[in-house]
file final-v4.cif (mmCIF, C-alpha atoms)
data_model
loop_
_atom_site.label_atom_id
_atom_site.label_comp_id
_atom_site.auth_asym_id
_atom_site.auth_seq_id
_atom_site.Cartn_x
_atom_site.Cartn_y
_atom_site.Cartn_z
CA MET A 1 136.09 78.74 44.15
CA PRO A 2 137.51 75.43 45.46
CA LYS A 3 139.92 75.86 48.39
CA ILE A 4 143.45 74.50 48.00
CA PRO A 5 146.09 74.09 50.75
CA VAL A 6 149.20 75.98 49.70
CA GLU A 7 152.62 74.99 51.04
CA ILE A 8 155.95 76.79 50.77
CA SER A 9 158.97 74.63 49.96
CA ALA A 10 162.23 75.89 51.43
CA ARG A 11 165.40 75.20 49.46
CA HIS A 12 166.20 71.48 49.61
CA ILE A 13 167.92 68.60 47.88
CA HIS A 14 166.88 65.12 46.76
CA LEU A 15 169.78 62.67 46.44
CA SER A 16 170.34 59.58 44.32
CA GLN A 17 171.64 56.55 46.27
CA LYS A 18 174.96 56.95 44.48
CA ASP A 19 175.35 60.58 45.58
CA LEU A 20 174.08 59.78 49.09
CA ASP A 21 176.76 57.05 49.34
CA ALA A 22 179.44 59.46 48.15
CA LEU A 23 178.41 62.29 50.49
CA PHE A 24 177.53 60.32 53.63
CA GLY A 25 179.27 56.94 53.24
CA LYS A 26 178.49 53.66 51.48
CA GLY A 27 175.02 52.29 52.30
CA PHE A 28 173.99 55.34 54.36
CA LYS A 29 170.27 55.61 55.15
CA LEU A 30 168.50 58.96 55.57
CA LYS A 31 167.01 59.51 59.03
CA LYS A 32 163.42 60.69 58.89
CA ILE A 33 162.53 63.62 61.15
CA LYS A 34 159.19 64.66 59.63
CA ASP A 35 156.69 63.40 57.10
CA LEU A 36 155.84 65.87 54.34
CA SER A 37 152.41 66.34 52.77
CA GLN A 38 153.09 64.09 49.79
CA PRO A 39 152.80 60.40 50.76
CA GLY A 40 156.22 58.80 51.39
CA GLU A 41 158.18 62.07 51.21
CA PHE A 42 160.02 63.14 54.35
CA ALA A 43 162.49 65.67 55.74
CA SER A 44 165.62 63.89 56.93
CA SER A 45 168.00 65.01 59.66
CA GLN A 46 170.76 65.24 57.03
CA THR A 47 171.94 68.48 55.48
CA VAL A 48 174.58 69.29 52.89
CA GLU A 49 176.43 72.42 51.87
CA LEU A 50 175.36 73.82 48.51
CA ILE A 51 178.23 75.68 46.88
CA GLY A 52 178.02 78.05 43.92
CA PRO A 53 180.62 80.28 42.26
CA LYS A 54 179.70 83.29 44.44
CA SER A 55 178.81 81.80 47.83
CA SER A 56 177.26 78.83 49.56
CA TYR A 57 174.43 77.75 51.85
CA LYS A 58 175.79 75.67 54.71
CA LYS A 59 172.72 73.65 55.66
CA VAL A 60 170.44 72.55 52.86
CA ARG A 61 167.94 69.93 53.98
CA VAL A 62 168.00 66.50 52.34
CA ILE A 63 164.50 65.27 51.47
CA GLY A 64 163.89 61.52 51.33
CA PRO A 65 163.45 58.92 50.05
CA VAL A 66 166.35 58.70 47.58
CA ARG A 67 165.44 59.41 43.98
CA LYS A 68 166.67 58.29 40.59
CA ASN A 69 168.45 61.61 40.05
CA THR A 70 169.88 64.15 42.45
CA GLN A 71 167.91 67.38 42.30
CA VAL A 72 168.47 70.69 44.09
CA GLU A 73 165.53 73.10 44.39
CA ILE A 74 166.36 76.75 45.07
CA THR A 75 164.75 80.13 44.47
CA ALA A 76 165.68 82.81 41.97
CA THR A 77 166.89 84.84 44.98
CA ASP A 78 169.19 81.95 45.95
CA CYS A 79 170.45 81.78 42.35
CA ARG A 80 171.60 85.38 42.58
CA VAL A 81 173.30 84.79 45.94
CA LEU A 82 175.05 81.60 44.79
CA GLY A 83 175.90 82.77 41.29
CA ILE A 84 173.97 79.93 39.70
CA ASN A 85 171.66 80.37 36.72
CA ALA A 86 169.06 77.65 37.28
CA PRO A 87 166.08 77.12 34.95
CA VAL A 88 162.44 76.93 36.06
CA ARG A 89 161.55 73.25 35.77
CA LEU A 90 159.07 70.68 36.98
CA SER A 91 160.53 68.25 39.51
CA GLY A 92 162.26 65.35 37.75
CA ASN A 93 163.06 67.33 34.61
CA VAL A 94 166.73 67.95 35.34
CA LYS A 95 168.33 67.37 31.94
CA GLY A 96 170.65 70.24 31.11
CA SER A 97 169.75 72.12 34.31
CA ALA A 98 172.31 74.03 36.37
CA GLN A 99 175.51 72.81 38.05
CA ALA A 100 176.66 73.15 41.66
CA THR A 101 179.03 71.60 44.14
CA ILE A 102 177.61 69.64 47.09
CA LYS A 103 179.58 68.97 50.24
CA GLY A 104 178.69 66.25 52.73
CA PRO A 105 180.56 64.81 55.72
CA LYS A 106 182.48 62.32 53.54
CA ALA A 107 183.04 64.11 50.25
CA ARG A 108 182.46 67.03 47.97
CA ILE A 109 180.85 66.23 44.62
CA LYS A 110 180.31 68.26 41.50
CA LEU A 111 176.79 67.98 40.06
CA LYS A 112 176.87 68.36 36.29
CA GLN A 113 173.14 69.10 36.32
CA GLY A 114 170.25 68.97 38.77
CA VAL A 115 169.82 72.50 40.08
CA ILE A 116 166.39 73.92 39.28
CA ILE A 117 163.91 76.53 40.38
CA ALA A 118 160.81 74.42 40.98
CA GLN A 119 157.92 75.34 38.72
CA ARG A 120 154.88 75.92 40.88
CA HIS A 121 152.51 73.01 40.81
CA LEU A 122 149.38 71.55 42.30
CA HIS A 123 149.49 67.97 43.58
CA LEU A 124 146.17 66.14 43.40
CA SER A 125 145.19 62.54 43.83
CA ALA A 126 143.43 61.07 40.79
CA GLU A 127 140.15 61.36 42.68
CA GLU A 128 140.73 64.97 43.71
CA ALA A 129 141.58 65.89 40.09
CA LYS A 130 138.36 64.31 38.91
CA LYS A 131 136.34 66.15 41.54
CA LEU A 132 137.96 69.49 40.60
CA LYS A 133 137.58 68.69 36.88
CA VAL A 134 141.23 69.24 36.02
CA ARG A 135 143.66 66.94 34.20
CA ASN A 136 147.27 66.00 34.83
CA ASN A 137 149.62 68.63 33.28
CA GLN A 138 146.80 71.16 32.91
CA LYS A 139 147.78 74.69 33.89
CA VAL A 140 145.56 76.42 36.42
CA SER A 141 145.71 79.55 38.53
CA VAL A 142 145.69 79.79 42.32
CA ARG A 143 144.75 82.97 44.15
CA ILE A 144 146.11 83.87 47.58
CA LYS A 145 144.21 86.56 49.48
CA GLY A 146 145.53 89.12 51.97
CA GLU A 147 147.50 92.37 51.93
CA ARG A 148 149.90 90.96 49.31
CA SER A 149 147.24 89.09 47.34
CA ILE A 150 148.50 87.35 44.22
CA THR A 151 147.06 85.11 41.55
CA PHE A 152 149.68 82.59 40.47
CA HIS A 153 149.14 81.49 36.87
CA GLU A 154 150.94 78.63 35.09
CA VAL A 155 150.43 76.30 38.05
CA VAL A 156 150.94 72.80 36.64
CA VAL A 157 148.56 70.07 37.83
CA ARG A 158 150.44 66.94 39.00
CA ALA A 159 147.66 64.42 39.38
CA GLY A 160 148.18 60.79 40.27
CA ARG A 161 147.46 58.19 42.89
CA GLN A 162 150.75 58.96 44.69
CA TYR A 163 149.76 62.57 45.37
CA LYS A 164 147.63 64.49 47.84
CA LYS A 165 146.02 67.91 47.38
CA ALA A 166 148.60 70.68 47.93
CA CYS A 167 149.85 73.59 45.86
CA HIS A 168 153.62 73.99 46.15
CA LEU A 169 155.31 77.39 45.93
CA ASP A 170 158.89 78.39 46.65
CA THR A 171 159.88 80.95 49.29
CA ASP A 172 160.11 83.83 46.77
CA GLU A 173 156.53 83.11 45.78
CA GLY A 174 155.30 82.60 49.34
CA ASN A 175 157.02 85.80 50.48
CA SER A 176 155.59 87.79 47.57
CA ALA A 177 152.11 86.68 48.55
CA GLY A 178 152.73 87.58 52.21
CA MET A 179 152.37 83.96 53.32
CA LYS A 180 153.81 82.87 56.64
CA THR A 181 153.32 79.11 56.42
CA CYS A 182 150.66 76.81 55.00
CA GLU A 183 147.59 78.77 53.99
CA TYR A 184 144.70 78.28 51.64
CA GLY A 185 144.35 79.51 48.10
CA GLU A 186 141.49 79.42 45.63
CA LEU A 187 141.64 77.40 42.46
CA VAL A 188 140.92 79.51 39.38
CA LYS A 189 140.64 77.52 36.18
CA MET B 25 144.66 96.04 28.68
CA PRO B 26 146.87 99.13 29.17
CA LYS B 27 150.60 98.35 29.23
CA ILE B 28 152.57 99.39 32.30
CA PRO B 29 156.36 99.42 32.71
CA VAL B 30 157.26 97.30 35.72
CA GLU B 31 160.49 97.91 37.63
CA ILE B 32 162.14 95.83 40.34
CA SER B 33 163.55 97.74 43.30
CA ALA B 34 166.58 96.12 44.91
CA ARG B 35 167.03 96.62 48.65
CA HIS B 36 167.97 100.23 49.36
CA ILE B 37 167.94 103.02 51.90
CA HIS B 38 166.73 106.61 51.93
CA LEU B 39 168.48 108.81 54.51
CA SER B 40 167.44 111.93 56.39
CA GLN B 41 170.04 114.73 56.32
CA LYS B 42 170.64 114.13 60.03
CA ASP B 43 171.41 110.44 59.52
CA LEU B 44 173.46 111.19 56.38
CA ASP B 45 175.54 113.64 58.46
CA ALA B 46 176.03 111.06 61.19
CA LEU B 47 176.97 108.23 58.82
CA PHE B 48 179.10 110.11 56.28
CA GLY B 49 180.15 113.34 58.03
CA LYS B 50 178.61 116.76 58.63
CA GLY B 51 177.27 118.40 55.45
CA PHE B 52 177.97 115.36 53.26
CA LYS B 53 176.32 115.39 49.81
CA LEU B 54 175.24 112.20 48.03
CA LYS B 55 177.01 111.64 44.71
CA LYS B 56 174.58 110.78 41.90
CA ILE B 57 175.55 107.85 39.71
CA LYS B 58 172.23 107.19 37.95
CA ASP B 59 168.82 108.79 37.61
CA LEU B 60 165.90 106.55 38.52
CA SER B 61 162.54 106.46 36.78
CA GLN B 62 160.80 108.78 39.25
CA PRO B 63 161.71 112.43 38.58
CA GLY B 64 164.46 113.68 40.95
CA GLU B 65 165.22 110.26 42.46
CA PHE B 66 168.71 108.89 41.92
CA ALA B 67 171.08 106.07 42.91
CA SER B 68 174.10 107.48 44.73
CA SER B 69 177.59 106.03 44.86
CA GLN B 70 177.18 105.68 48.64
CA THR B 71 176.38 102.42 50.39
CA VAL B 72 175.88 101.49 54.04
CA GLU B 73 175.92 98.25 55.97
CA LEU B 74 172.48 97.12 57.14
CA ILE B 75 172.78 95.08 60.32
CA GLY B 76 170.10 92.87 61.87
CA PRO B 77 170.18 90.49 64.83
CA LYS B 78 171.06 87.48 62.64
CA SER B 79 173.31 88.89 59.91
CA SER B 80 174.00 91.92 57.75
CA TYR B 81 174.17 93.14 54.17
CA LYS B 82 177.44 94.95 53.59
CA LYS B 83 176.51 97.20 50.67
CA VAL B 84 173.03 98.63 50.64
CA ARG B 85 172.61 101.41 48.10
CA VAL B 86 171.69 104.90 49.31
CA ILE B 87 168.98 106.48 47.13
CA GLY B 88 168.85 110.26 46.89
CA PRO B 89 167.81 112.94 47.46
CA VAL B 90 167.66 113.02 51.27
CA ARG B 91 164.20 112.56 52.74
CA LYS B 92 162.39 113.72 55.83
CA ASN B 93 162.74 110.28 57.42
CA THR B 94 165.27 107.52 56.98
CA GLN B 95 163.65 104.48 55.39
CA VAL B 96 165.09 101.07 54.57
CA GLU B 97 163.32 98.92 51.97
CA ILE B 98 164.01 95.18 52.04
CA THR B 99 162.25 91.99 50.99
CA ALA B 100 160.60 89.35 53.15
CA THR B 101 163.52 87.09 52.15
CA ASP B 102 165.96 89.71 53.50
CA CYS B 103 163.90 89.93 56.72
CA ARG B 104 164.46 86.22 57.32
CA VAL B 105 168.19 86.49 56.62
CA LEU B 106 168.65 89.57 58.84
CA GLY B 107 166.31 88.48 61.61
CA ILE B 108 164.14 91.57 61.19
CA ASN B 109 160.35 91.48 61.19
CA ALA B 110 159.44 94.39 58.92
CA PRO B 111 155.86 95.29 58.03
CA VAL B 112 154.51 95.76 54.49
CA ARG B 113 154.09 99.53 54.13
CA LEU B 114 153.75 102.25 51.54
CA SER B 115 156.85 104.41 51.24
CA GLY B 116 156.78 107.22 53.81
CA ASN B 117 154.64 105.33 56.28
CA VAL B 118 157.39 104.34 58.70
CA LYS B 119 155.74 104.94 62.09
CA GLY B 120 156.24 101.89 64.28
CA SER B 121 158.03 99.97 61.53
CA ALA B 122 161.05 97.74 62.20
CA GLN B 123 164.43 98.59 63.73
CA ALA B 124 167.94 97.99 62.41
CA THR B 125 171.49 99.19 62.81
CA ILE B 126 173.12 101.13 59.97
CA LYS B 127 176.87 101.47 59.59
CA GLY B 128 178.54 104.15 57.48
CA PRO B 129 182.17 105.28 57.19
CA LYS B 130 181.84 107.68 60.15
CA ALA B 131 179.45 105.98 62.53
CA ARG B 132 177.03 103.24 63.35
CA ILE B 133 173.48 104.35 64.17
CA LYS B 134 170.49 102.52 65.58
CA LEU B 135 167.24 103.17 63.71
CA LYS B 136 164.29 102.97 66.07
CA GLN B 137 161.97 102.58 63.09
CA GLY B 138 162.14 102.86 59.31
CA VAL B 139 162.60 99.33 58.02
CA ILE B 140 159.74 98.25 55.75
CA ILE B 141 158.84 95.83 53.01
CA ALA B 142 157.62 98.19 50.30
CA GLN B 143 154.01 97.63 49.38
CA ARG B 144 153.77 97.24 45.63
CA HIS B 145 152.55 100.36 43.93
CA LEU B 146 151.94 102.04 40.61
CA HIS B 147 153.35 105.52 40.07
CA LEU B 148 151.36 107.66 37.65
CA SER B 149 151.43 111.32 36.78
CA ALA B 150 148.11 113.09 37.31
CA GLU B 151 147.57 113.00 33.54
CA GLU B 152 148.39 109.31 33.24
CA ALA B 153 145.98 108.49 36.07
CA LYS B 154 143.22 110.41 34.34
CA LYS B 155 143.90 108.64 31.06
CA LEU B 156 143.83 105.22 32.75
CA LYS B 157 140.75 106.23 34.78
CA VAL B 158 142.25 105.38 38.16
CA ARG B 159 142.52 107.53 41.30
CA ASN B 160 145.28 108.08 43.80
CA ASN B 161 145.25 105.31 46.48
CA GLN B 162 143.00 103.09 44.37
CA LYS B 163 144.07 99.45 44.38
CA VAL B 164 144.55 97.83 41.00
CA SER B 165 146.01 94.59 39.68
CA VAL B 166 148.96 94.18 37.33
CA ARG B 167 149.53 91.02 35.32
CA ILE B 168 152.97 89.84 34.25
CA LYS B 169 153.07 87.26 31.45
CA GLY B 170 155.61 84.49 30.85
CA GLU B 171 156.48 81.08 32.27
CA ARG B 172 156.00 82.37 35.83
CA SER B 173 152.99 84.56 35.03
CA ILE B 174 151.47 86.32 38.02
CA THR B 175 148.70 88.81 38.64
CA PHE B 176 149.68 91.12 41.49
CA HIS B 177 146.63 92.41 43.32
CA GLU B 178 146.58 95.17 45.97
CA VAL B 179 148.81 97.42 43.85
CA VAL B 180 148.33 100.92 45.26
CA VAL B 181 148.07 103.79 42.77
CA ARG B 182 150.42 106.67 43.67
CA ALA B 183 149.24 109.43 41.36
CA GLY B 184 150.59 112.95 41.39
CA ARG B 185 152.47 115.49 39.33
CA GLN B 186 155.82 114.34 40.78
CA TYR B 187 155.42 110.79 39.42
CA LYS B 188 155.87 108.98 36.14
CA LYS B 189 154.23 105.74 35.00
CA ALA B 190 155.98 102.72 36.58
CA CYS B 191 154.85 99.80 38.71
CA HIS B 192 157.35 99.04 41.47
CA LEU B 193 157.89 95.51 42.78
CA ASP B 194 160.56 94.18 45.12
CA THR B 195 163.00 91.40 44.17
CA ASP B 196 160.89 88.63 45.77
CA GLU B 197 157.99 89.72 43.59
CA GLY B 198 160.08 90.18 40.45
CA ASN B 199 161.74 86.79 40.96
CA SER B 200 158.40 85.07 41.54
CA ALA B 201 157.15 86.46 38.25
CA GLY B 202 160.33 85.34 36.44
CA MET B 203 161.31 88.93 35.62
CA LYS B 204 164.91 89.73 34.76
CA THR B 205 164.76 93.51 34.70
CA CYS B 206 162.23 96.13 33.57
CA GLU B 207 159.39 94.50 31.69
CA TYR B 208 155.82 95.36 30.88
CA GLY B 209 152.71 94.33 32.72
CA GLU B 210 149.05 94.79 31.99
CA LEU B 211 146.82 96.92 34.16
CA VAL B 212 143.75 95.03 35.38
CA LYS B 213 141.26 97.19 37.22
#
call {"tool": "encode", "arguments": {"input": "final-v4.cif", "output": "structure tokens"}}
result
Amino acid sequence: MPKIPVEISARHIHLSQKDLDALFGKGFKLKKIKDLSQPGEFASSQTVELIGPKSSYKKVRVIGPVRKNTQVEITATDCRVLGINAPVRLSGNVKGSAQATIKGPKARIKLKQGVIIAQRHLHLSAEEAKKLKVRNNQKVSVRIKGERSITFHEVVVRAGRQYKKACHLDTDEGNSAGMKTCEYGELVK
Amino acid sequence: MPKIPVEISARHIHLSQKDLDALFGKGFKLKKIKDLSQPGEFASSQTVELIGPKSSYKKVRVIGPVRKNTQVEITATDCRVLGINAPVRLSGNVKGSAQATIKGPKARIKLKQGVIIAQRHLHLSAEEAKKLKVRNNQKVSVRIKGERSITFHEVVVRAGRQYKKACHLDTDEGNSAGMKTCEYGELVK
């Protein structure tokens, strides 16, 4: 079975320039603190408060660079804590997704949509996809070994030149599989 | 594939009579509010505060009847929130497990052990185990279908006359599999 690096994404937010301006001030630029596995993506030093009807998380990391649409990625556990009913969606597919309030140093804004539970997915460069004989949007399975071994099905392949091999899970999924940090899984087609 | 009812256990606590006495008063009896799937087990109207080094959960349900040893069952997500490093264990196997402080109406007690992440398991009566051709302590897999389909491996069979067919997952696991409440899974041997 081909080995796949598996990464756990903590809750985070991507901001549009418009929302970044509103939350942090006109023309604000995110400060990079760490590159992430996908080329160009980075953790910034900025955080915002994510507020739901039941409670809030004070420090949700802003991931750069800015995107076309603001998008908040949380777990089903977070949804219960916040009182938000977010759908399971692929990144970018935010139409009609859940609402929340975001608070930054300069303002508090109400998102009319954008809160999702990220659907698990497997990033691959075009070359890596070819080598593994899988296509963009194909669903595959990834098995994690160990005392809480799990096979994740319905893992959507996101293949393209902008990507690099990594399966992305959320913290509920990583915790369920007993993962501490980045580990390796096996691709099961 | 044989169908198996799958239940999600929220965080909860089982108390010894000694700890129940300390927390709620000498000779206190738990008040049943709901029978659970396993014969004799019930949710009580009592709750306690579960306190870790980083934070606490105010209302953790006490499950009856009293047991030989006090045992707290939480998720890996809860561990992170509380600042507790609990091991993955089968119910009853609490030796050397994690510590926490428990607060009831009458007292606050320090547990020297007893906090675990429950290892997923499949309760079966002796008859049901025979019919499914699995043995006590055998590890099986259980597949949940749907948009977040998962196959859980390392599911420990707990067969015995005191049990009734039900696979028990924690909320991290149920959330990862997109489960809302009790659903059905498929037994994969």
call {"tool": "atom_distance", "arguments": {"input": "final-v4.cif", "atom1": "atom CA of B:Arg35", "atom2": "atom CA of B:Gly116"}}
result
15.6 Å
call {"tool": "closest_residue", "arguments": {"input": "final-v4.cif", "among": "B:Cys206, B:Ala124, B:Val72, B:Leu148", "to": "B:Asp194", "atoms": "all atoms listed in the file"}}
result
B:Cys206
call {"tool": "calpha_fit_and_write", "arguments": {"input": "final-v4.cif", "fixed": "chain B", "moving": "chain A", "output": "tab-separated table (two decimals) with C-alpha atoms, in the frame of the given file"}}
result
chain	number	residue	atom	x	y	z
A	1	MET	CA	144.64	96.02	28.69
A	2	PRO	CA	146.84	99.12	29.15
A	3	LYS	CA	150.58	98.34	29.22
A	4	ILE	CA	152.55	99.39	32.30
A	5	PRO	CA	156.36	99.43	32.71
A	6	VAL	CA	157.26	97.31	35.72
A	7	GLU	CA	160.49	97.92	37.63
A	8	ILE	CA	162.14	95.84	40.33
A	9	SER	CA	163.55	97.75	43.30
A	10	ALA	CA	166.58	96.13	44.91
A	11	ARG	CA	167.03	96.61	48.65
A	12	HIS	CA	167.98	100.23	49.35
A	13	ILE	CA	167.93	103.02	51.89
A	14	HIS	CA	166.74	106.63	51.92
A	15	LEU	CA	168.48	108.81	54.51
A	16	SER	CA	167.44	111.93	56.39
A	17	GLN	CA	170.05	114.74	56.34
A	18	LYS	CA	170.63	114.12	60.04
A	19	ASP	CA	171.40	110.42	59.51
A	20	LEU	CA	173.46	111.17	56.39
A	21	ASP	CA	175.54	113.63	58.46
A	22	ALA	CA	176.02	111.04	61.20
A	23	LEU	CA	176.97	108.22	58.82
A	24	PHE	CA	179.08	110.11	56.28
A	25	GLY	CA	180.15	113.33	58.04
A	26	LYS	CA	178.59	116.75	58.66
A	27	GLY	CA	177.25	118.39	55.48
A	28	PHE	CA	177.96	115.36	53.27
A	29	LYS	CA	176.29	115.39	49.84
A	30	LEU	CA	175.23	112.20	48.04
A	31	LYS	CA	176.99	111.63	44.72
A	32	LYS	CA	174.58	110.80	41.93
A	33	ILE	CA	175.54	107.86	39.70
A	34	LYS	CA	172.21	107.20	37.97
A	35	ASP	CA	168.81	108.80	37.61
A	36	LEU	CA	165.90	106.55	38.53
A	37	SER	CA	162.52	106.46	36.78
A	38	GLN	CA	160.80	108.78	39.25
A	39	PRO	CA	161.73	112.43	38.58
A	40	GLY	CA	164.46	113.68	40.96
A	41	GLU	CA	165.21	110.25	42.47
A	42	PHE	CA	168.71	108.88	41.94
A	43	ALA	CA	171.07	106.07	42.91
A	44	SER	CA	174.08	107.50	44.72
A	45	SER	CA	177.58	106.04	44.86
A	46	GLN	CA	177.17	105.68	48.65
A	47	THR	CA	176.38	102.42	50.38
A	48	VAL	CA	175.87	101.49	54.02
A	49	GLU	CA	175.91	98.26	55.97
A	50	LEU	CA	172.48	97.12	57.13
A	51	ILE	CA	172.78	95.08	60.31
A	52	GLY	CA	170.10	92.87	61.86
A	53	PRO	CA	170.18	90.49	64.83
A	54	LYS	CA	171.05	87.48	62.63
A	55	SER	CA	173.32	88.89	59.91
A	56	SER	CA	174.01	91.91	57.76
A	57	TYR	CA	174.18	93.14	54.17
A	58	LYS	CA	177.45	94.95	53.57
A	59	LYS	CA	176.52	97.20	50.66
A	60	VAL	CA	173.02	98.63	50.64
A	61	ARG	CA	172.62	101.41	48.10
A	62	VAL	CA	171.68	104.90	49.30
A	63	ILE	CA	168.98	106.48	47.14
A	64	GLY	CA	168.84	110.27	46.91
A	65	PRO	CA	167.81	112.96	47.47
A	66	VAL	CA	167.65	113.02	51.28
A	67	ARG	CA	164.20	112.57	52.75
A	68	LYS	CA	162.39	113.72	55.85
A	69	ASN	CA	162.74	110.28	57.44
A	70	THR	CA	165.27	107.51	56.97
A	71	GLN	CA	163.65	104.49	55.37
A	72	VAL	CA	165.09	101.06	54.57
A	73	GLU	CA	163.31	98.92	51.96
A	74	ILE	CA	164.02	95.18	52.04
A	75	THR	CA	162.25	92.00	50.99
A	76	ALA	CA	160.60	89.36	53.14
A	77	THR	CA	163.52	87.09	52.15
A	78	ASP	CA	165.95	89.71	53.49
A	79	CYS	CA	163.91	89.93	56.71
A	80	ARG	CA	164.46	86.23	57.31
A	81	VAL	CA	168.19	86.51	56.61
A	82	LEU	CA	168.65	89.58	58.83
A	83	GLY	CA	166.31	88.49	61.60
A	84	ILE	CA	164.14	91.57	61.19
A	85	ASN	CA	160.34	91.48	61.19
A	86	ALA	CA	159.45	94.40	58.91
A	87	PRO	CA	155.85	95.30	58.03
A	88	VAL	CA	154.52	95.78	54.49
A	89	ARG	CA	154.09	99.53	54.13
A	90	LEU	CA	153.76	102.26	51.55
A	91	SER	CA	156.87	104.43	51.24
A	92	GLY	CA	156.81	107.23	53.82
A	93	ASN	CA	154.64	105.34	56.29
A	94	VAL	CA	157.40	104.35	58.70
A	95	LYS	CA	155.75	104.94	62.08
A	96	GLY	CA	156.25	101.91	64.29
A	97	SER	CA	158.04	99.97	61.53
A	98	ALA	CA	161.05	97.74	62.19
A	99	GLN	CA	164.44	98.59	63.73
A	100	ALA	CA	167.95	97.98	62.40
A	101	THR	CA	171.49	99.19	62.81
A	102	ILE	CA	173.13	101.13	59.96
A	103	LYS	CA	176.87	101.47	59.60
A	104	GLY	CA	178.54	104.15	57.49
A	105	PRO	CA	182.16	105.27	57.18
A	106	LYS	CA	181.85	107.67	60.15
A	107	ALA	CA	179.44	105.99	62.53
A	108	ARG	CA	177.02	103.24	63.35
A	109	ILE	CA	173.47	104.34	64.18
A	110	LYS	CA	170.50	102.51	65.59
A	111	LEU	CA	167.25	103.18	63.71
A	112	LYS	CA	164.29	102.97	66.08
A	113	GLN	CA	161.97	102.57	63.09
A	114	GLY	CA	162.15	102.86	59.32
A	115	VAL	CA	162.59	99.32	58.02
A	116	ILE	CA	159.74	98.26	55.75
A	117	ILE	CA	158.85	95.84	53.00
A	118	ALA	CA	157.63	98.20	50.29
A	119	GLN	CA	154.00	97.65	49.36
A	120	ARG	CA	153.79	97.25	45.62
A	121	HIS	CA	152.56	100.37	43.92
A	122	LEU	CA	151.96	102.04	40.61
A	123	HIS	CA	153.36	105.53	40.06
A	124	LEU	CA	151.36	107.66	37.64
A	125	SER	CA	151.44	111.32	36.77
A	126	ALA	CA	148.11	113.08	37.32
A	127	GLU	CA	147.56	113.00	33.56
A	128	GLU	CA	148.39	109.31	33.22
A	129	ALA	CA	145.98	108.48	36.08
A	130	LYS	CA	143.23	110.41	34.34
A	131	LYS	CA	143.90	108.64	31.05
A	132	LEU	CA	143.84	105.21	32.76
A	133	LYS	CA	140.75	106.21	34.78
A	134	VAL	CA	142.25	105.37	38.16
A	135	ARG	CA	142.52	107.52	41.29
A	136	ASN	CA	145.30	108.10	43.79
A	137	ASN	CA	145.27	105.33	46.48
A	138	GLN	CA	143.03	103.09	44.37
A	139	LYS	CA	144.07	99.45	44.39
A	140	VAL	CA	144.55	97.81	41.01
A	141	SER	CA	146.01	94.59	39.69
A	142	VAL	CA	148.96	94.18	37.33
A	143	ARG	CA	149.53	91.02	35.32
A	144	ILE	CA	152.98	89.84	34.24
A	145	LYS	CA	153.06	87.25	31.46
A	146	GLY	CA	155.59	84.47	30.85
A	147	GLU	CA	156.46	81.06	32.28
A	148	ARG	CA	155.99	82.36	35.85
A	149	SER	CA	152.99	84.56	35.05
A	150	ILE	CA	151.47	86.31	38.04
A	151	THR	CA	148.70	88.80	38.64
A	152	PHE	CA	149.68	91.11	41.48
A	153	HIS	CA	146.62	92.42	43.32
A	154	GLU	CA	146.58	95.18	45.96
A	155	VAL	CA	148.81	97.41	43.84
A	156	VAL	CA	148.34	100.91	45.26
A	157	VAL	CA	148.07	103.79	42.78
A	158	ARG	CA	150.43	106.68	43.68
A	159	ALA	CA	149.27	109.42	41.37
A	160	GLY	CA	150.62	112.95	41.39
A	161	ARG	CA	152.48	115.48	39.32
A	162	GLN	CA	155.84	114.33	40.77
A	163	TYR	CA	155.43	110.80	39.41
A	164	LYS	CA	155.90	108.97	36.13
A	165	LYS	CA	154.24	105.73	35.00
A	166	ALA	CA	155.99	102.72	36.57
A	167	CYS	CA	154.85	99.80	38.70
A	168	HIS	CA	157.35	99.05	41.47
A	169	LEU	CA	157.89	95.52	42.78
A	170	ASP	CA	160.55	94.16	45.11
A	171	THR	CA	162.99	91.41	44.15
A	172	ASP	CA	160.88	88.64	45.76
A	173	GLU	CA	157.99	89.73	43.58
A	174	GLY	CA	160.09	90.18	40.45
A	175	ASN	CA	161.74	86.79	40.96
A	176	SER	CA	158.39	85.07	41.53
A	177	ALA	CA	157.14	86.45	38.24
A	178	GLY	CA	160.32	85.33	36.44
A	179	MET	CA	161.30	88.92	35.63
A	180	LYS	CA	164.90	89.72	34.77
A	181	THR	CA	164.77	93.51	34.68
A	182	CYS	CA	162.24	96.11	33.57
A	183	GLU	CA	159.39	94.49	31.69
A	184	TYR	CA	155.83	95.34	30.88
A	185	GLY	CA	152.71	94.32	32.73
A	186	GLU	CA	149.03	94.78	32.00
A	187	LEU	CA	146.82	96.92	34.16
A	188	VAL	CA	143.76	95.03	35.40
A	189	LYS	CA	141.25	97.18	37.23
call {"tool": "closest_atom_pairs", "arguments": {"input": "final-v4.cif", "of": "chain A", "to": "chain B", "cutoff": "7 Å", "atoms": "all atoms listed in the file", "output": "CSV"}}
result
residue,atom,partner,partner_atom,distance
A:Ala76,CA,B:Asn199,CA,5.7
A:Thr77,CA,B:Asn199,CA,6.8
A:Glu147,CA,B:Glu178,CA,6.6
A:Arg148,CA,B:Glu178,CA,6.3
A:Ser149,CA,B:His177,CA,5.2
A:Ile150,CA,B:Phe176,CA,4.8
A:Thr151,CA,B:Thr175,CA,5.0
A:Phe152,CA,B:Ile174,CA,4.8
A:His153,CA,B:Ser173,CA,5.3
A:Glu154,CA,B:Ser173,CA,6.3
A:Asp172,CA,B:Asp196,CA,5.0
A:Glu173,CA,B:Ser200,CA,5.0
A:Asn175,CA,B:Ala100,CA,5.7
A:Ser176,CA,B:Glu197,CA,5.0
call {"tool": "atom_distance", "arguments": {"input": "final-v4.cif", "atom1": "atom CA of A:Ala98", "atom2": "atom CA of A:Asp21"}}
result
21.8 Å
